[in-house]
Amino acid sequence: MKFSDIKRHILTGISYFIPVVVASGLTMAIGRAIAGADVKSLGTTGLGYWLYTTGQTGMSLMVPVLCAYIAYSIAGRPAIAPGLIIGAIASQIKAGFIGGMIGGLLVGYAVILIKKYVKLPKTLSGIIPVIVIPFLSTAICAVLMFSVIGIPIIWITNALTNLLTSLSGGAKFLYGAIVGAASTFDFGGPVNKVASAYCNALLADGIGDAKVTQILGSMIPPFGIAISALITRKKYTKAEIETLKSAVPMGCVMITEGVIPIAARDIVRTVFACVVGSAVAGGLSMSWGISSPLPNGGFIAFPFFNKPVQALICLAIGSIITGVVLSLIKREVTGNDESFNDLGFELDDKELDDDLKFEKI
Amino acid sequence: MKIVAVAACTAGIAHTYIAREKLIRAAELRGHTIHCETQGTIGVEHELSTKDIEEADVVILAIDIAIDGIDRFKGKKVIKIGTASLINNPIGFVQKVEKLLQKEEK
C-alpha cells in the first residue's frame with residue numbers, strides 16, 4: 001500500500017464525483033433562478049422546484065459516489081455496491097467528505113481481503129461474489145464506520161467547521177488566500193480537484209465562502225493571462241494567443257485547463273503570477289464574507305452569491321494582479337519559442353537510468 | 001517498436017488529450033508506431049483493437065486514475081507514468097522506454 005496508490009484511488013473517486021457535482025450544481029442553480037432567490041417560496045410543484053430538488057438530491061449522492069469509486073479503484077466492480085452504501089452512511093452520520101474518502105479506502109481493502117481469505121468448498125464458491133463479498137464487506141465496514149472510524153472523523157469535521165466559521169481578520173484572509181492559491185496552483189490538476197472537493201464538502205454543510213474563493217481561483221488564470229497578453233503582446237507566441245481565444249470562454253464557466261499549453265512553456269513564472277493573483281482575490285473574498293450556495297458554474301453562479309458585485313471586484317483585482325505580475329516577469333518571445341514544439345528535450349544516456357520499470361497487471 | 005497506450009487524467013477534460021497528442025508526436029518523431037486510447041470524462045475514445053495490443057512491444061499507461069479494461073494488458077510489458085510527468089518531457093520519456101526495453105532484451 002504505497003502513498004502514490006492511495007492518491008490514485010482517491011483521484012479516481014474524484015473523477016467520478018465531478019460530473020455528479022456539475023449536474024446537481026447546475027440544475028440547482030437553474031432551479032433557483034426560475035423560482036427566485038427565496039427557496040422557501042418554491043412551493044412543491046413547478047419547474048423551479050423540480051430542478052432545485054433534483055440538484056439537492058444529486059448533491060446528496062456526492063459522498064456515496066466518491067466513496068464507491070474510491071473502493072472501485074482499489075478492488076474493482078465488487079466494491080461499488082458496498083462503497084455506495086458506506087458512502088451514504090458517511091453522509092448520514094455527518095462524517096462528510098473525509099468520511100467518504102476513508103470509507104472508500106476501507107471498503108476497497110476490505111473487499112480485497114475478503115476475496116483473498118474467505119474460501120468456501122468448490123461447490124459453494126459461486127456464492128462468494130453474489131452473497132459473501134457484498135454482504136460481508138458492507139456489514140463489516142458499516143459497523144466499523146458507526147462504532148470506530150466515524151467518531152474521530154465527525155469530531156475532526158466538526159472541529160474544522162467550527163474553526164473555519166470562527167476565523168476572523170488576518171487569519172480569515174490567510175485562509176482565503178490558501179484556498180485560492182491551491183485552486184489555481186495546477187490549473188485543474190489534482191491539487192485543484194482536492195481543493196474543489198474540500199470546498200464542496202463544506203458547501204454540503206452549508207458553508208459557502210471557501211467555495212467562492214475556489215471559483216475565483218479557477219477563473220483567474222485564464223483571465224489574468226489574457227490581461228497579460230493584452231498588455232505585453234510580444235511575450236506570447238501566435239499559438240498562445242490562439243489558445244487564449246478558447247481558454248477565456250472556458251474560464252467563464254470555471255474550466256481552468258484551457259491555459260495549460262500556455263503555462264507549460266513557462267511554468268514557474270505563470271504559476272507564480274496566477275497563485276499571487278488568486279491568493280489576493282481569495283483572501284479578499286473570504287474577508288468580505290462572500291458566500292455561494294452553488295458548487296460551480298463560473299459566471300452562471302455569480303448572481304446567486306450573497307455579494308455578487310464584490311465577487312466581481314475580487315475577480316477583477318485577482319486577474320489584474322496576475323496579468324500585471326506576469327507581464328513584468330515574463331520574457332519576450334524569441335524565434336526559438338515560436339517553434340517551441342513542447343515535446344520536451346532529448347536526455348543524455350546517463351540520465352536515462354531512473355525509476356522507470358515494468359508494472360505487474 | 002510498436003506501442004499501445006492509454007491516457008486518462010482526473011477530470012478527463014484536458015490532461016488526457018494533451019498527454020495523448022504529445023505521446024503520439026514524441027513516439028512518431030523517434031520512429032515508433034503508436035496507438036493511444038483516451039479514457040476521458042466522455043468515455044473511451046480511439047479504442048485499442050485486440051490486434052494492436054497483441055502486436056505491441058510495450059504498453060504505456062499515462063494515467064492518474066484507475067482505468068477500464070486493464071485486463072487487456074495481462075502478460076504485456078506495461079509502463080506506468082502520470083500524465084503530468086509525461087507532458088513535462090515526452091521525448092525524454094520515450095527515450096527512457098526505449099532504454100528499458102533494450103536492457104530487458106539483453
# chains A, B, ... in the order shown; residues from 1 in each chain; ligands from 1
call {"tool": "residues_around", "arguments": {"residues": "A:Gly58", "least_positions_apart": "2", "cutoff": "8 Å", "atoms": "only C-alpha atoms", "output": "list in words"}}
result
Val20, Val21, Ala23, Ser24, Thr54, Gly55, Gln56, Ser60, Leu61 and Met62 of chain A
call {"tool": "write_last_selection", "arguments": {"atoms": "C-alpha atoms", "output": "mmCIF file, in the first residue's frame"}}
result
data_model
loop_
_atom_site.group_PDB
_atom_site.id
_atom_site.type_symbol
_atom_site.label_atom_id
_atom_site.label_comp_id
_atom_site.auth_asym_id
_atom_site.auth_seq_id
_atom_site.Cartn_x
_atom_site.Cartn_y
_atom_site.Cartn_z
ATOM 1 C CA VAL A 20 -22.292 14.420 -10.167
ATOM 2 C CA VAL A 21 -21.342 17.792 -8.703
ATOM 3 C CA ALA A 23 -25.009 18.014 -12.905
ATOM 4 C CA SER A 24 -26.539 18.719 -9.498
ATOM 5 C CA THR A 54 -33.092 17.377 -8.474
ATOM 6 C CA GLY A 55 -29.974 19.355 -7.670
ATOM 7 C CA GLN A 56 -30.383 18.741 -3.952
ATOM 8 C CA SER A 60 -26.731 14.048 -1.501
ATOM 9 C CA LEU A 61 -25.156 11.477 -3.848
ATOM 10 C CA MET A 62 -21.790 13.262 -3.861
#
call {"tool": "closest_atom_pairs", "arguments": {"of": "chain B", "to": "chain A", "cutoff": "7 Å", "atoms": "only C-alpha atoms", "output": "Markdown table"}}
result
| residue | atom | partner | partner_atom | distance |
| --- | --- | --- | --- | --- |
| B:Thr10 | CA | A:Ser15 | CA | 4.9 |
| B:Ala11 | CA | A:Ser15 | CA | 5.3 |
| B:Ala14 | CA | A:Glu257 | CA | 6.0 |
| B:Lys22 | CA | A:Leu343 | CA | 6.3 |
| B:Ala26 | CA | A:Leu343 | CA | 6.3 |
| B:Asp64 | CA | A:Arg8 | CA | 5.9 |
| B:Ile65 | CA | A:Thr12 | CA | 4.6 |
| B:Ala66 | CA | A:Ser73 | CA | 5.4 |
| B:Lys74 | CA | A:Ile361 | CA | 5.6 |
| B:Lys77 | CA | A:Phe358 | CA | 6.1 |
| B:Val78 | CA | A:Phe358 | CA | 5.3 |
| B:Ile79 | CA | A:Phe358 | CA | 5.0 |
| B:Lys80 | CA | A:Glu359 | CA | 6.8 |
| B:Asn88 | CA | A:Gly344 | CA | 6.5 |
| B:Asn89 | CA | A:Gly344 | CA | 4.1 |
| B:Pro90 | CA | A:Leu343 | CA | 5.4 |
| B:Ile91 | CA | A:Gly344 | CA | 5.6 |
| B:Gly92 | CA | A:Glu346 | CA | 5.3 |
| B:Lys96 | CA | A:Leu352 | CA | 5.3 |
call {"tool": "write_last_selection", "arguments": {"atoms": "C-alpha atoms", "output": "JSON list (two decimals), in the first residue's frame"}}
result
[["chain", "number", "residue", "atom", "x", "y", "z"],
["B", 10, "THR", "CA", -8.60, 13.05, -13.05],
["B", 11, "ALA", "CA", -11.04, 15.46, -14.66],
["B", 14, "ALA", "CA", -7.58, 18.31, -20.73],
["B", 22, "LYS", "CA", 2.29, 14.66, -27.09],
["B", 26, "ALA", "CA", 7.12, 12.20, -29.50],
["B", 64, "ASP", "CA", -3.57, 9.36, -12.88],
["B", 65, "ILE", "CA", -6.61, 7.22, -12.09],
["B", 66, "ALA", "CA", -7.79, 3.62, -12.37],
["B", 74, "LYS", "CA", -2.15, -9.03, -18.93],
["B", 77, "LYS", "CA", 5.27, -5.24, -20.78],
["B", 78, "VAL", "CA", 3.49, -2.35, -19.10],
["B", 79, "ILE", "CA", 4.99, 1.00, -18.10],
["B", 80, "LYS", "CA", 3.01, 3.45, -16.00],
["B", 88, "ASN", "CA", 6.67, 17.57, -18.94],
["B", 89, "ASN", "CA", 9.11, 15.77, -21.25],
["B", 90, "PRO", "CA", 7.55, 13.35, -23.76],
["B", 91, "ILE", "CA", 10.73, 12.87, -25.79],
["B", 92, "GLY", "CA", 12.78, 12.07, -22.70],
["B", 96, "LYS", "CA", 13.63, 6.03, -21.26]]
call {"tool": "select_by_dssp", "arguments": {"residues": "stretch 53-299 of chain A", "states": "helix (DSSP H, G or I)", "output": "JSON, numbers by chain"}}
result
{"A": [53, 54, 55, 56, 57, 58, 59, 60, 62, 63, 64, 65, 66, 67, 68, 69, 70, 71, 72, 73, 74, 75, 77, 78, 79, 80, 81, 82, 83, 84, 85, 86, 87, 88, 89, 90, 91, 92, 96, 97, 98, 99, 100, 101, 102, 103, 104, 105, 106, 107, 108, 109, 110, 111, 112, 113, 114, 115, 116, 117, 122, 123, 124, 127, 128, 129, 130, 131, 132, 133, 134, 135, 136, 137, 138, 139, 140, 141, 142, 143, 144, 145, 146, 147, 148, 149, 150, 151, 152, 153, 154, 155, 156, 157, 158, 159, 160, 161, 162, 163, 164, 165, 166, 169, 170, 171, 172, 173, 174, 175, 176, 177, 178, 179, 180, 181, 182, 183, 184, 185, 190, 191, 192, 193, 194, 195, 196, 197, 198, 199, 200, 201, 202, 203, 204, 209, 210, 211, 212, 213, 214, 215, 216, 217, 218, 219, 220, 221, 222, 223, 224, 225, 226, 227, 228, 229, 230, 231, 233, 234, 235, 238, 239, 240, 241, 242, 243, 244, 245, 246, 247, 248, 249, 250, 251, 252, 257, 258, 259, 260, 261, 262, 263, 264, 265, 267, 268, 269, 270, 271, 272, 273, 274, 275, 276, 277, 278, 279, 280, 281, 282, 283, 284, 285, 286, 287, 298, 299]}
call {"tool": "atom_distance", "arguments": {"atom1": "atom CA of A:Ala279", "atom2": "atom CA of A:Leu230"}}
result
22.2 Å
call {"tool": "residues_around", "arguments": {"residues": "stretch 232-243 of chain A", "least_positions_apart": "3", "cutoff": "12 Å", "atoms": "only C-alpha atoms", "output": "NGL selection string"}}
result
:A and (222 or 225-229 or 246-250 or 257-266 or 270 or 323-342)
call {"tool": "atom_distance", "arguments": {"atom1": "atom CA of A:Lys119", "atom2": "atom CA of A:Pro64"}}
result
29.2 Å
